[in-house]
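What follows is the content of work-v8.pdb, which has PDB, C-alpha atoms and all ligand atoms:
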```
ATOM      1  CA  MET A  17      87.777 121.781  93.713
ATOM      2  CA  THR A  18      86.024 118.644  94.919
ATOM      3  CA  LYS A  19      85.181 118.986  98.596
ATOM      4  CA  LEU A  20      85.111 115.301  99.390
ATOM      5  CA  ALA A  21      86.642 112.262  97.719
ATOM      6  CA  ILE A  22      85.351 108.959  99.073
ATOM      7  CA  ILE A  23      87.825 106.204  98.232
ATOM      8  CA  GLY A  24      85.928 102.916  98.123
ATOM      9  CA  GLY A  25      82.251 102.812  97.201
ATOM     10  CA  GLY A  26      81.363  99.646  99.114
ATOM     11  CA  ASN A  27      79.061  99.229 102.098
ATOM     12  CA  MET A  28      80.668 101.841 104.357
ATOM     13  CA  GLY A  29      81.419 104.273 101.551
ATOM     14  CA  GLU A  30      77.775 104.154 100.504
ATOM     15  CA  ALA A  31      76.464 104.419 104.084
ATOM     16  CA  LEU A  32      78.475 107.610 104.648
ATOM     17  CA  LEU A  33      77.597 108.963 101.208
ATOM     18  CA  ALA A  34      73.895 108.403 101.855
ATOM     19  CA  GLY A  35      74.056 110.122 105.250
ATOM     20  CA  LEU A  36      76.140 113.071 104.074
ATOM     21  CA  LEU A  37      73.833 113.804 101.120
ATOM     22  CA  ALA A  38      70.569 113.293 103.010
ATOM     23  CA  GLY A  39      68.078 115.787 104.360
ATOM     24  CA  THR A  40      66.892 119.230 103.409
ATOM     25  CA  GLU A  41      70.254 120.773 104.334
ATOM     26  CA  PRO A  42      72.745 118.060 103.381
ATOM     27  CA  ARG A  43      76.358 118.232 104.592
ATOM     28  CA  PHE A  44      77.449 118.099 100.938
ATOM     29  CA  THR A  45      75.749 118.422  97.599
ATOM     30  CA  ALA A  46      76.252 115.586  95.129
ATOM     31  CA  ALA A  47      78.310 117.940  92.936
ATOM     32  CA  GLU A  48      80.839 118.384  95.752
ATOM     33  CA  VAL A  49      81.572 114.664  96.093
ATOM     34  CA  VAL A  50      83.467 112.172  93.977
ATOM     35  CA  VAL A  51      83.548 108.451  94.739
ATOM     36  CA  VAL A  52      86.480 106.327  93.655
ATOM     37  CA  GLU A  53      85.189 102.861  92.886
ATOM     38  CA  LEU A  54      86.919 100.262  90.743
ATOM     39  CA  ALA A  55      83.913  98.072  89.881
ATOM     40  CA  GLU A  56      81.960  99.820  87.080
ATOM     41  CA  GLU A  57      78.657  98.142  87.942
ATOM     42  CA  ARG A  58      78.902  99.408  91.494
ATOM     43  CA  ALA A  59      80.017 102.863  90.318
ATOM     44  CA  ALA A  60      77.008 103.061  87.975
ATOM     45  CA  TYR A  61      74.705 102.219  90.881
ATOM     46  CA  LEU A  62      76.225 105.025  92.994
ATOM     47  CA  ARG A  63      75.921 107.547  90.139
ATOM     48  CA  GLU A  64      72.286 106.634  89.531
ATOM     49  CA  HIS A  65      71.196 106.585  93.182
ATOM     50  CA  TYR A  66      73.127 109.554  94.527
ATOM     51  CA  GLY A  67      73.962 111.694  91.499
ATOM     52  CA  VAL A  68      77.652 111.804  92.404
ATOM     53  CA  ALA A  69      80.582 111.577  90.015
ATOM     54  CA  THR A  70      82.581 108.373  90.132
ATOM     55  CA  THR A  71      85.969 107.385  88.815
ATOM     56  CA  ALA A  72      88.203 104.332  88.906
ATOM     57  CA  GLU A  73      91.277 106.613  89.127
ATOM     58  CA  ALA A  74      92.089 107.492  92.723
ATOM     59  CA  GLY A  75      94.981 109.831  91.823
ATOM     60  CA  PRO A  76      93.086 112.639  90.043
ATOM     61  CA  ALA A  77      90.206 112.429  92.545
ATOM     62  CA  ILE A  78      92.574 112.800  95.484
ATOM     63  CA  ARG A  79      94.606 115.574  93.810
ATOM     64  CA  THR A  80      91.608 117.892  93.641
ATOM     65  CA  ALA A  81      89.933 117.019  96.945
ATOM     66  CA  GLU A  82      89.940 119.025 100.179
ATOM     67  CA  THR A  83      89.070 115.977 102.256
ATOM     68  CA  VAL A  84      89.821 112.358 101.421
ATOM     69  CA  LEU A  85      87.634 109.783 103.158
ATOM     70  CA  LEU A  86      89.094 106.282 103.058
ATOM     71  CA  THR A  87      86.550 103.456 103.025
ATOM     72  CA  VAL A  88      88.610 100.682 101.492
ATOM     73  CA  LYS A  89      89.556  97.381 103.105
ATOM     74  CA  PRO A  90      92.735  97.277 105.221
ATOM     75  CA  TYR A  91      94.550  95.152 102.631
ATOM     76  CA  HIS A  92      93.879  97.788  99.926
ATOM     77  CA  VAL A  93      95.765 100.523 101.717
ATOM     78  CA  ASP A  94      99.355  99.802 100.614
ATOM     79  CA  ASP A  95      98.540  99.562  96.890
ATOM     80  CA  LEU A  96      96.258 102.586  97.049
ATOM     81  CA  PHE A  97      98.865 104.879  98.611
ATOM     82  CA  ALA A  98     101.638 103.587  96.346
ATOM     83  CA  ALA A  99      99.495 104.570  93.348
ATOM     84  CA  VAL A 100      98.597 108.093  94.545
ATOM     85  CA  ALA A 101     101.838 109.312  96.157
ATOM     86  CA  ASP A 102     102.242 112.120  93.572
ATOM     87  CA  ASP A 103      98.648 113.313  94.001
ATOM     88  CA  VAL A 104      98.712 114.066  97.713
ATOM     89  CA  ASN A 105      99.464 117.417  99.344
ATOM     90  CA  ASP A 106      99.900 118.414 102.972
ATOM     91  CA  ASN A 107      96.850 120.707 102.955
ATOM     92  CA  GLN A 108      94.445 117.852 102.516
ATOM     93  CA  LEU A 109      92.829 116.066 105.418
ATOM     94  CA  PHE A 110      92.761 112.271 105.263
ATOM     95  CA  VAL A 111      89.925 110.730 107.257
ATOM     96  CA  SER A 112      90.276 106.968 107.492
ATOM     97  CA  ALA A 113      87.485 104.574 108.359
ATOM     98  CA  VAL A 114      89.732 101.640 107.505
ATOM     99  CA  GLY A 115      89.317  99.019 110.216
ATOM    100  CA  GLY A 116      92.366  98.304 112.355
ATOM    101  CA  VAL A 117      94.796 100.513 110.431
ATOM    102  CA  ARG A 118      96.594 102.960 112.708
ATOM    103  CA  THR A 119      97.217 106.572 111.796
ATOM    104  CA  SER A 120     100.973 105.906 112.148
ATOM    105  CA  ARG A 121     100.772 103.344 109.337
ATOM    106  CA  LEU A 122      98.888 105.739 107.073
ATOM    107  CA  GLU A 123     101.301 108.572 107.900
ATOM    108  CA  ALA A 124     104.223 106.331 106.940
ATOM    109  CA  LEU A 125     102.547 105.616 103.581
ATOM    110  CA  LEU A 126     101.835 109.278 102.843
ATOM    111  CA  PRO A 127     104.679 111.167 101.147
ATOM    112  CA  GLY A 128     104.498 114.312 103.301
ATOM    113  CA  LYS A 129     102.893 115.387 106.545
ATOM    114  CA  SER A 130      99.231 115.339 105.608
ATOM    115  CA  PRO A 131      96.987 115.367 108.671
ATOM    116  CA  VAL A 132      95.190 112.064 109.300
ATOM    117  CA  VAL A 133      92.090 111.544 111.434
ATOM    118  CA  ARG A 134      91.061 107.967 112.108
ATOM    119  CA  CYS A 135      87.374 107.288 112.509
ATOM    120  CA  MET A 136      85.140 104.334 113.228
ATOM    121  CA  PRO A 137      81.605 104.833 111.914
ATOM    122  CA  ASN A 138      78.772 102.323 111.750
ATOM    123  CA  THR A 139      76.153 101.751 109.059
ATOM    124  CA  PRO A 140      73.300 103.685 110.766
ATOM    125  CA  VAL A 141      75.137 106.808 109.515
ATOM    126  CA  SER A 142      73.133 106.116 106.345
ATOM    127  CA  VAL A 143      69.969 107.196 108.185
ATOM    128  CA  GLY A 144      71.534 109.920 110.340
ATOM    129  CA  ARG A 145      71.575 107.683 113.440
ATOM    130  CA  GLY A 146      75.141 106.428 113.429
ATOM    131  CA  VAL A 147      77.943 106.858 115.880
ATOM    132  CA  VAL A 148      81.413 107.859 114.754
ATOM    133  CA  ALA A 149      84.472 107.668 117.000
ATOM    134  CA  ILE A 150      87.341 109.942 115.941
ATOM    135  CA  SER A 151      90.988 110.305 116.957
ATOM    136  CA  ALA A 152      93.836 112.411 115.609
ATOM    137  CA  GLY A 153      97.116 111.256 114.104
ATOM    138  CA  THR A 154     100.510 112.945 114.581
ATOM    139  CA  TYR A 155      99.928 115.875 112.206
ATOM    140  CA  ALA A 156      96.267 116.439 113.084
ATOM    141  CA  GLY A 157      95.217 118.631 116.005
ATOM    142  CA  GLU A 158      92.109 120.240 117.437
ATOM    143  CA  ALA A 159      91.304 122.022 114.170
ATOM    144  CA  GLU A 160      91.259 118.750 112.240
ATOM    145  CA  LEU A 161      89.230 116.994 114.956
ATOM    146  CA  ASP A 162      86.775 119.912 114.959
ATOM    147  CA  TYR A 163      86.473 119.566 111.198
ATOM    148  CA  ALA A 164      85.969 115.781 111.418
ATOM    149  CA  GLN A 165      83.328 116.348 114.076
ATOM    150  CA  SER A 166      81.505 118.807 111.809
ATOM    151  CA  LEU A 167      81.808 116.306 108.965
ATOM    152  CA  PHE A 168      80.130 113.506 110.897
ATOM    153  CA  GLU A 169      77.666 115.331 113.181
ATOM    154  CA  PRO A 170      74.962 115.363 110.475
ATOM    155  CA  VAL A 171      75.107 111.553 110.312
ATOM    156  CA  GLY A 172      75.067 110.748 114.013
ATOM    157  CA  LYS A 173      76.752 111.023 117.384
ATOM    158  CA  VAL A 174      80.470 111.847 117.335
ATOM    159  CA  VAL A 175      82.802 110.784 120.152
ATOM    160  CA  ARG A 176      86.470 111.761 120.496
ATOM    161  CA  VAL A 177      88.624 108.897 121.754
ATOM    162  CA  GLU A 178      92.226 107.848 122.289
ATOM    163  CA  GLU A 179      93.416 105.948 119.243
ATOM    164  CA  SER A 180      94.427 103.059 121.540
ATOM    165  CA  ARG A 181      90.695 102.408 122.062
ATOM    166  CA  MET A 182      89.856 102.147 118.364
ATOM    167  CA  ASP A 183      90.071  98.361 118.018
ATOM    168  CA  ALA A 184      87.718  97.892 120.972
ATOM    169  CA  ILE A 185      85.394 100.531 119.491
ATOM    170  CA  THR A 186      85.520  98.789 116.122
ATOM    171  CA  ALA A 187      84.416  95.547 117.796
ATOM    172  CA  LEU A 188      81.672  97.110 119.906
ATOM    173  CA  SER A 189      80.386  99.961 117.751
ATOM    174  CA  GLY A 190      81.631  99.641 114.165
ATOM    175  CA  SER A 191      80.443  96.041 114.082
ATOM    176  CA  GLY A 192      77.614  96.767 116.533
ATOM    177  CA  PRO A 193      74.672  96.984 114.125
ATOM    178  CA  ALA A 194      75.459  93.462 112.889
ATOM    179  CA  TYR A 195      74.840  92.049 116.362
ATOM    180  CA  TYR A 196      71.414  93.668 116.610
ATOM    181  CA  PHE A 197      70.547  92.437 113.115
ATOM    182  CA  PHE A 198      71.773  88.949 114.077
ATOM    183  CA  LEU A 199      69.529  88.956 117.159
ATOM    184  CA  THR A 200      66.683  90.272 115.003
ATOM    185  CA  GLU A 201      67.125  87.367 112.574
ATOM    186  CA  ALA A 202      67.158  84.869 115.448
ATOM    187  CA  LEU A 203      64.028  86.340 117.055
ATOM    188  CA  ILE A 204      62.136  86.241 113.764
ATOM    189  CA  GLU A 205      63.093  82.574 113.353
ATOM    190  CA  ALA A 206      61.946  81.953 116.935
ATOM    191  CA  GLY A 207      58.566  83.492 116.123
ATOM    192  CA  ILE A 208      58.285  81.167 113.137
ATOM    193  CA  LEU A 209      59.209  78.205 115.365
ATOM    194  CA  LEU A 210      56.272  79.171 117.573
ATOM    195  CA  GLY A 211      53.967  79.123 114.552
ATOM    196  CA  LEU A 212      53.645  82.830 113.788
ATOM    197  CA  PRO A 213      53.474  83.895 110.118
ATOM    198  CA  ARG A 214      56.873  85.333 108.999
ATOM    199  CA  ALA A 215      55.387  88.755 108.164
ATOM    200  CA  LEU A 216      53.844  89.065 111.619
ATOM    201  CA  ALA A 217      57.032  87.868 113.345
ATOM    202  CA  GLU A 218      59.046  90.453 111.380
ATOM    203  CA  GLU A 219      56.596  93.234 112.198
ATOM    204  CA  LEU A 220      56.656  92.419 115.909
ATOM    205  CA  VAL A 221      60.433  92.008 116.169
ATOM    206  CA  LYS A 222      61.231  95.223 114.251
ATOM    207  CA  ALA A 223      58.714  97.216 116.310
ATOM    208  CA  ASN A 224      60.251  95.777 119.489
ATOM    209  CA  ALA A 225      63.732  96.850 118.352
ATOM    210  CA  ALA A 226      62.502 100.385 117.630
ATOM    211  CA  GLY A 227      60.679 100.630 120.965
ATOM    212  CA  ALA A 228      63.589  99.285 123.020
ATOM    213  CA  ALA A 229      66.043 101.572 121.180
ATOM    214  CA  GLU A 230      63.817 104.583 121.918
ATOM    215  CA  MET A 231      63.612 103.671 125.617
ATOM    216  CA  LEU A 232      67.414 103.408 125.757
ATOM    217  CA  GLN A 233      67.685 107.033 124.564
ATOM    218  CA  VAL A 234      65.866 108.416 127.601
ATOM    219  CA  PRO A 235      68.433 110.183 129.853
ATOM    220  CA  ASP A 236      69.859 107.802 132.501
ATOM    221  CA  ALA A 237      68.222 104.814 130.797
ATOM    222  CA  ASP A 238      69.413 101.683 132.563
ATOM    223  CA  ALA A 239      69.257  98.441 130.564
ATOM    224  CA  VAL A 240      69.364  96.268 133.693
ATOM    225  CA  ARG A 241      66.429  98.086 135.313
ATOM    226  CA  MET A 242      64.392  98.128 132.106
ATOM    227  CA  ARG A 243      64.981  94.408 131.577
ATOM    228  CA  ALA A 244      63.917  93.714 135.178
ATOM    229  CA  ALA A 245      60.721  95.701 134.585
ATOM    230  CA  VAL A 246      59.740  93.244 131.835
ATOM    231  CA  THR A 247      60.729  90.175 133.843
ATOM    232  CA  SER A 248      57.679  89.314 135.977
ATOM    233  CA  PRO A 249      58.236  86.999 138.958
ATOM    234  CA  GLY A 250      57.475  83.421 137.922
ATOM    235  CA  GLY A 251      56.587  84.685 134.437
ATOM    236  CA  ALA A 252      57.411  84.048 130.804
ATOM    237  CA  THR A 253      60.398  86.382 130.427
ATOM    238  CA  ILE A 254      62.423  84.789 133.229
ATOM    239  CA  ALA A 255      61.909  81.390 131.579
ATOM    240  CA  ALA A 256      63.589  82.809 128.462
ATOM    241  CA  ILE A 257      66.357  84.569 130.417
ATOM    242  CA  ARG A 258      67.159  81.325 132.224
ATOM    243  CA  GLN A 259      67.738  79.664 128.854
ATOM    244  CA  PHE A 260      70.012  82.526 127.742
ATOM    245  CA  GLU A 261      72.056  82.183 130.938
ATOM    246  CA  GLU A 262      72.152  78.370 130.902
ATOM    247  CA  ARG A 263      73.356  78.451 127.297
ATOM    248  CA  GLY A 264      76.043  81.029 128.051
ATOM    249  CA  VAL A 265      74.705  83.823 125.842
ATOM    250  CA  ARG A 266      76.203  86.578 128.019
ATOM    251  CA  ALA A 267      79.633  84.906 128.043
ATOM    252  CA  ALA A 268      79.337  84.243 124.309
ATOM    253  CA  VAL A 269      78.685  87.955 123.688
ATOM    254  CA  MET A 270      81.781  88.915 125.679
ATOM    255  CA  ALA A 271      83.946  86.339 123.898
ATOM    256  CA  ALA A 272      82.578  87.451 120.523
ATOM    257  CA  ILE A 273      83.421  91.106 121.101
ATOM    258  CA  GLU A 274      86.902  90.142 122.317
ATOM    259  CA  ALA A 275      87.393  88.117 119.133
ATOM    260  CA  ALA A 276      86.248  91.076 117.019
ATOM    261  CA  ARG A 277      88.675  93.384 118.852
ATOM    262  CA  ASP A 278      91.558  90.972 118.242
ATOM    263  CA  ARG A 279      90.616  90.571 114.576
ATOM    264  CA  ALA A 280      90.436  94.355 114.122
ATOM    265  CA  ALA A 281      93.977  94.691 115.482
ATOM    266  CA  GLU A 282      95.181  91.857 113.252
ATOM    267  CA  MET A 283      93.555  93.333 110.098
ATOM    268  CA  GLY A 284      95.439  96.574 110.535
ATOM    269  CA  ARG A 285      98.895  95.010 110.590
TER
HETATM  270  N1  LIG B 301      80.856  97.828 106.752
HETATM  271  C1  LIG B 301      80.857  98.459 107.932
HETATM  272  O1  LIG B 301      79.849  98.451 108.655
HETATM  273  C2  LIG B 301      82.064  99.198 108.394
HETATM  274  C3  LIG B 301      83.243  99.175 107.667
HETATM  275  N2  LIG B 301      84.328  99.886 108.098
HETATM  276  C4  LIG B 301      85.573  99.864 107.312
HETATM  277  O2  LIG B 301      85.292 100.384 106.031
HETATM  278  C5  LIG B 301      86.149  99.769 105.085
HETATM  279  C6  LIG B 301      85.323  99.245 103.929
HETATM  280  O3  LIG B 301      84.456  98.241 104.417
HETATM  281  P1  LIG B 301      83.183  97.805 103.570
HETATM  282  O4  LIG B 301      82.575  99.004 102.956
HETATM  283  O5  LIG B 301      82.374  96.962 104.455
HETATM  284  O6  LIG B 301      83.891  96.933 102.438
HETATM  285  P2  LIG B 301      83.433  96.759 100.939
HETATM  286  O7  LIG B 301      84.199  95.589 100.394
HETATM  287  O8  LIG B 301      81.945  96.757 100.860
HETATM  288  O9  LIG B 301      83.958  98.088 100.246
HETATM  289  C7  LIG B 301      85.318  98.335  99.946
HETATM  290  C8  LIG B 301      85.306  99.029  98.612
HETATM  291  O10 LIG B 301      86.582  99.540  98.293
HETATM  292  C9  LIG B 301      86.802  99.319  96.912
HETATM  293  N3  LIG B 301      88.234  99.398  96.592
HETATM  294  C10 LIG B 301      89.205  98.498  96.752
HETATM  295  N4  LIG B 301      90.404  99.003  96.379
HETATM  296  C11 LIG B 301      90.187 100.233  95.957
HETATM  297  C12 LIG B 301      91.018 101.253  95.434
HETATM  298  N5  LIG B 301      92.335 101.090  95.268
HETATM  299  N6  LIG B 301      90.440 102.427  95.108
HETATM  300  C13 LIG B 301      89.138 102.597  95.269
HETATM  301  N7  LIG B 301      88.282 101.676  95.739
HETATM  302  C14 LIG B 301      88.815 100.503  96.077
HETATM  303  C15 LIG B 301      86.230  97.951  96.699
HETATM  304  O11 LIG B 301      86.019  97.726  95.333
HETATM  305  P3  LIG B 301      86.044  96.213  94.768
HETATM  306  O12 LIG B 301      84.836  95.546  95.318
HETATM  307  O13 LIG B 301      86.010  96.414  93.299
HETATM  308  O14 LIG B 301      87.327  95.590  95.273
HETATM  309  C16 LIG B 301      84.933  98.092  97.478
HETATM  310  O15 LIG B 301      83.907  98.678  96.723
HETATM  311  C17 LIG B 301      86.924  98.670 105.801
HETATM  312  O16 LIG B 301      88.226  99.099 106.078
HETATM  313  C18 LIG B 301      86.134  98.466 107.076
HETATM  314  O17 LIG B 301      86.958  98.072 108.152
HETATM  315  C19 LIG B 301      84.302 100.661 109.223
HETATM  316  C20 LIG B 301      83.168 100.710 109.967
HETATM  317  C21 LIG B 301      81.989  99.942 109.662
HETATM  318  O1  LIG B 302      83.742  93.714 109.868
HETATM  319  C1  LIG B 302      84.629  94.573 109.738
HETATM  320  O2  LIG B 302      85.821  94.279 109.734
HETATM  321  C2  LIG B 302      84.251  96.027 109.598
HETATM  322  C3  LIG B 302      84.817  96.876 110.697
HETATM  323  C4  LIG B 302      83.659  97.225 111.563
HETATM  324  C5  LIG B 302      82.494  96.777 110.816
HETATM  325  N1  LIG B 302      82.831  96.186 109.713
END
```
Just dump the structure as structure tokens.
Ligand SMILES: NC(=O)C1=CN([C@@H]2O[C@H](COP(=O)(O)OP(=O)(O)OC[C@H]3O[C@@H](n4cnc5c(N)ncnc54)[C@H](OP(=O)(O)O)[C@@H]3O)[C@@H](O)[C@H]2O)C=CC1
Ligand SMILES: O=C(O)[C@@H]1CCC=N1
Amino acid sequence: MTKLAIIGGGNMGEALLAGLLAGTEPRFTAAEVVVVELAEERAAYLREHYGVATTAEAGPAIRTAETVLLTVKPYHVDDLFAAVADDVNDNQLFVSAVGGVRTSRLEALLPGKSPVVRCMPNTPVSVGRGVVAISAGTYAGEAELDYAQSLFEPVGKVVRVEESRMDAITALSGSGPAYYFFLTEALIEAGILLGLPRALAEELVKANAAGAAEMLQVPDADAVRMRAAVTSPGGATIAAIRQFEERGVRAAVMAAIEAARDRAAEMGR
């Protein structure tokens, strides 16, 4: 029996696959995983890079799997479940990373009472440094949450949350890496504006990101205090911060995350 069927071999499917197969004691071996991916070119890439089996047929993959991990887009869900209704049984656990889609909607699409755990991972799971929020649906309890926690602990931090918080968590955490990459892009461009060679700007900005991230992991790390420690009176940093504040960067961040939360809710309907 296949231990894990990953339905959707796109960005998130691959990030989780990479994390779950990584390390000297991987969570799964490649032989225990099948990825359902419709695009043959993409499937071939996943077979070559990870050594997993792939198929374009979700039904047989789901029928023989203990755990089904959904990493398809929200608008794929209806067609997918319509096609696999005969292949599902109530002993399987469905773990859904599908943005915005509530467990109640998935439960209504499933033919029986399969347990469903909703999760919201982020792409750093690919390097074992992700964060995955989990919440249980109607037919999932502590045992299923414990299992989901054990599934994701090798790829990062796991937090148990109320499902009502999932859209906010999607906006802040699921999408979160994109914001840091966006800021990284902007800082590299700023370095180039100031005349630095691109390679040097990239090296400096990436090393800064790593250093700041490490400092934030220290117990009781306080972003406000650490920012103040860099901001010398009458110095260079405060000149930059003034520009951020004058241009409404803080308010723009809040509005952006609100927009992401609203879009997550909308995608799931
Ligand atoms: N990217 C991220 O950082 C995160 C994404 N998510 C969630 O993960 C899900 C996937 O997102 P992402 O990976 O970015 O999207 P992608 O478009 O990269 O991947 C979706 C994949 O699903 C495949 N697919 C579509 N329909 C089916 C089907 N019926 N059976 C099997 N595979 C199918 C698509 O194939 P094809 O291209 O051929 O259509 C595609 O490869 C979304 O619901 C998103 O909200 C959650 C957290 C973070
Ligand atoms: O952009 C999206 O909709 C998905 C959900 C969180 C990250 N990516």
Enumerate residues in contact with ligand LIG 302 (chain B): an atom-to-atom distance of at most 9 Å, counting only C-alpha atoms and all ligand atoms. Format the result as a PyMOL selection string.
-> chain A and resi 28+89-90+113-116+136-139+185-194+276+279-280+283
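Comparing A:Glu57, A:Glu64, A:Glu261, A:Asp162 by their smallest distance to ligand LIG 301 (chain B), the closest is A:Glu57 (using all atoms listed in the file).
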12 Å contact set for Val175 (chain A), all atoms listed in the file, chain neighbours under 6 positions out, as an mmCIF file with C-alpha atoms, keeping the file's coordinate frame:
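Just written: out.cif:
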```
data_model
loop_
_atom_site.group_PDB
_atom_site.id
_atom_site.type_symbol
_atom_site.label_atom_id
_atom_site.label_comp_id
_atom_site.auth_asym_id
_atom_site.auth_seq_id
_atom_site.Cartn_x
_atom_site.Cartn_y
_atom_site.Cartn_z
ATOM 1 C CA ARG A 134 91.061 107.967 112.108
ATOM 2 C CA CYS A 135 87.374 107.288 112.509
ATOM 3 C CA MET A 136 85.140 104.334 113.228
ATOM 4 C CA PRO A 137 81.605 104.833 111.914
ATOM 5 C CA GLY A 146 75.141 106.428 113.429
ATOM 6 C CA VAL A 147 77.943 106.858 115.880
ATOM 7 C CA VAL A 148 81.413 107.859 114.754
ATOM 8 C CA ALA A 149 84.472 107.668 117.000
ATOM 9 C CA ILE A 150 87.341 109.942 115.941
ATOM 10 C CA SER A 151 90.988 110.305 116.957
ATOM 11 C CA LEU A 161 89.230 116.994 114.956
ATOM 12 C CA ASP A 162 86.775 119.912 114.959
ATOM 13 C CA ALA A 164 85.969 115.781 111.418
ATOM 14 C CA GLN A 165 83.328 116.348 114.076
ATOM 15 C CA SER A 166 81.505 118.807 111.809
ATOM 16 C CA PHE A 168 80.130 113.506 110.897
ATOM 17 C CA GLU A 169 77.666 115.331 113.181
ATOM 18 C CA ARG A 181 90.695 102.408 122.062
ATOM 19 C CA MET A 182 89.856 102.147 118.364
ATOM 20 C CA ILE A 185 85.394 100.531 119.491
ATOM 21 C CA SER A 189 80.386 99.961 117.751
#
```
Residue with the minimum atom-to-atom distance to ligand LIG 301 (chain B), picked from A:Arg266, A:Arg258, A:Lys19, A:His92 with only C-alpha atoms and all ligand atoms counted, is A:His92
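Picture a line from CA of Gly128 (chain A) to CA of Asn27 (chain A); it runs 29.6 Å.
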What separates CA of Gly144 (chain A) and CA of Ala31 (chain A) is a distance of 9.7 Å
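The coordinates place CA of Phe198 (chain A) at 24.3 Å from CA of Ala245 (chain A).
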Could the centre and edge lengths of an axis-aligned box, enclosing all atoms of ligand LIG 301 (chain B) in the file with 3 Å extra on each side, be given in Å to one decimal as lines of an AutoDock Vina configuration file?
```
center_x = 86.1
center_y = 99.1
center_z = 101.6
size_x = 18.5
size_y = 13.1
size_z = 22.7
```
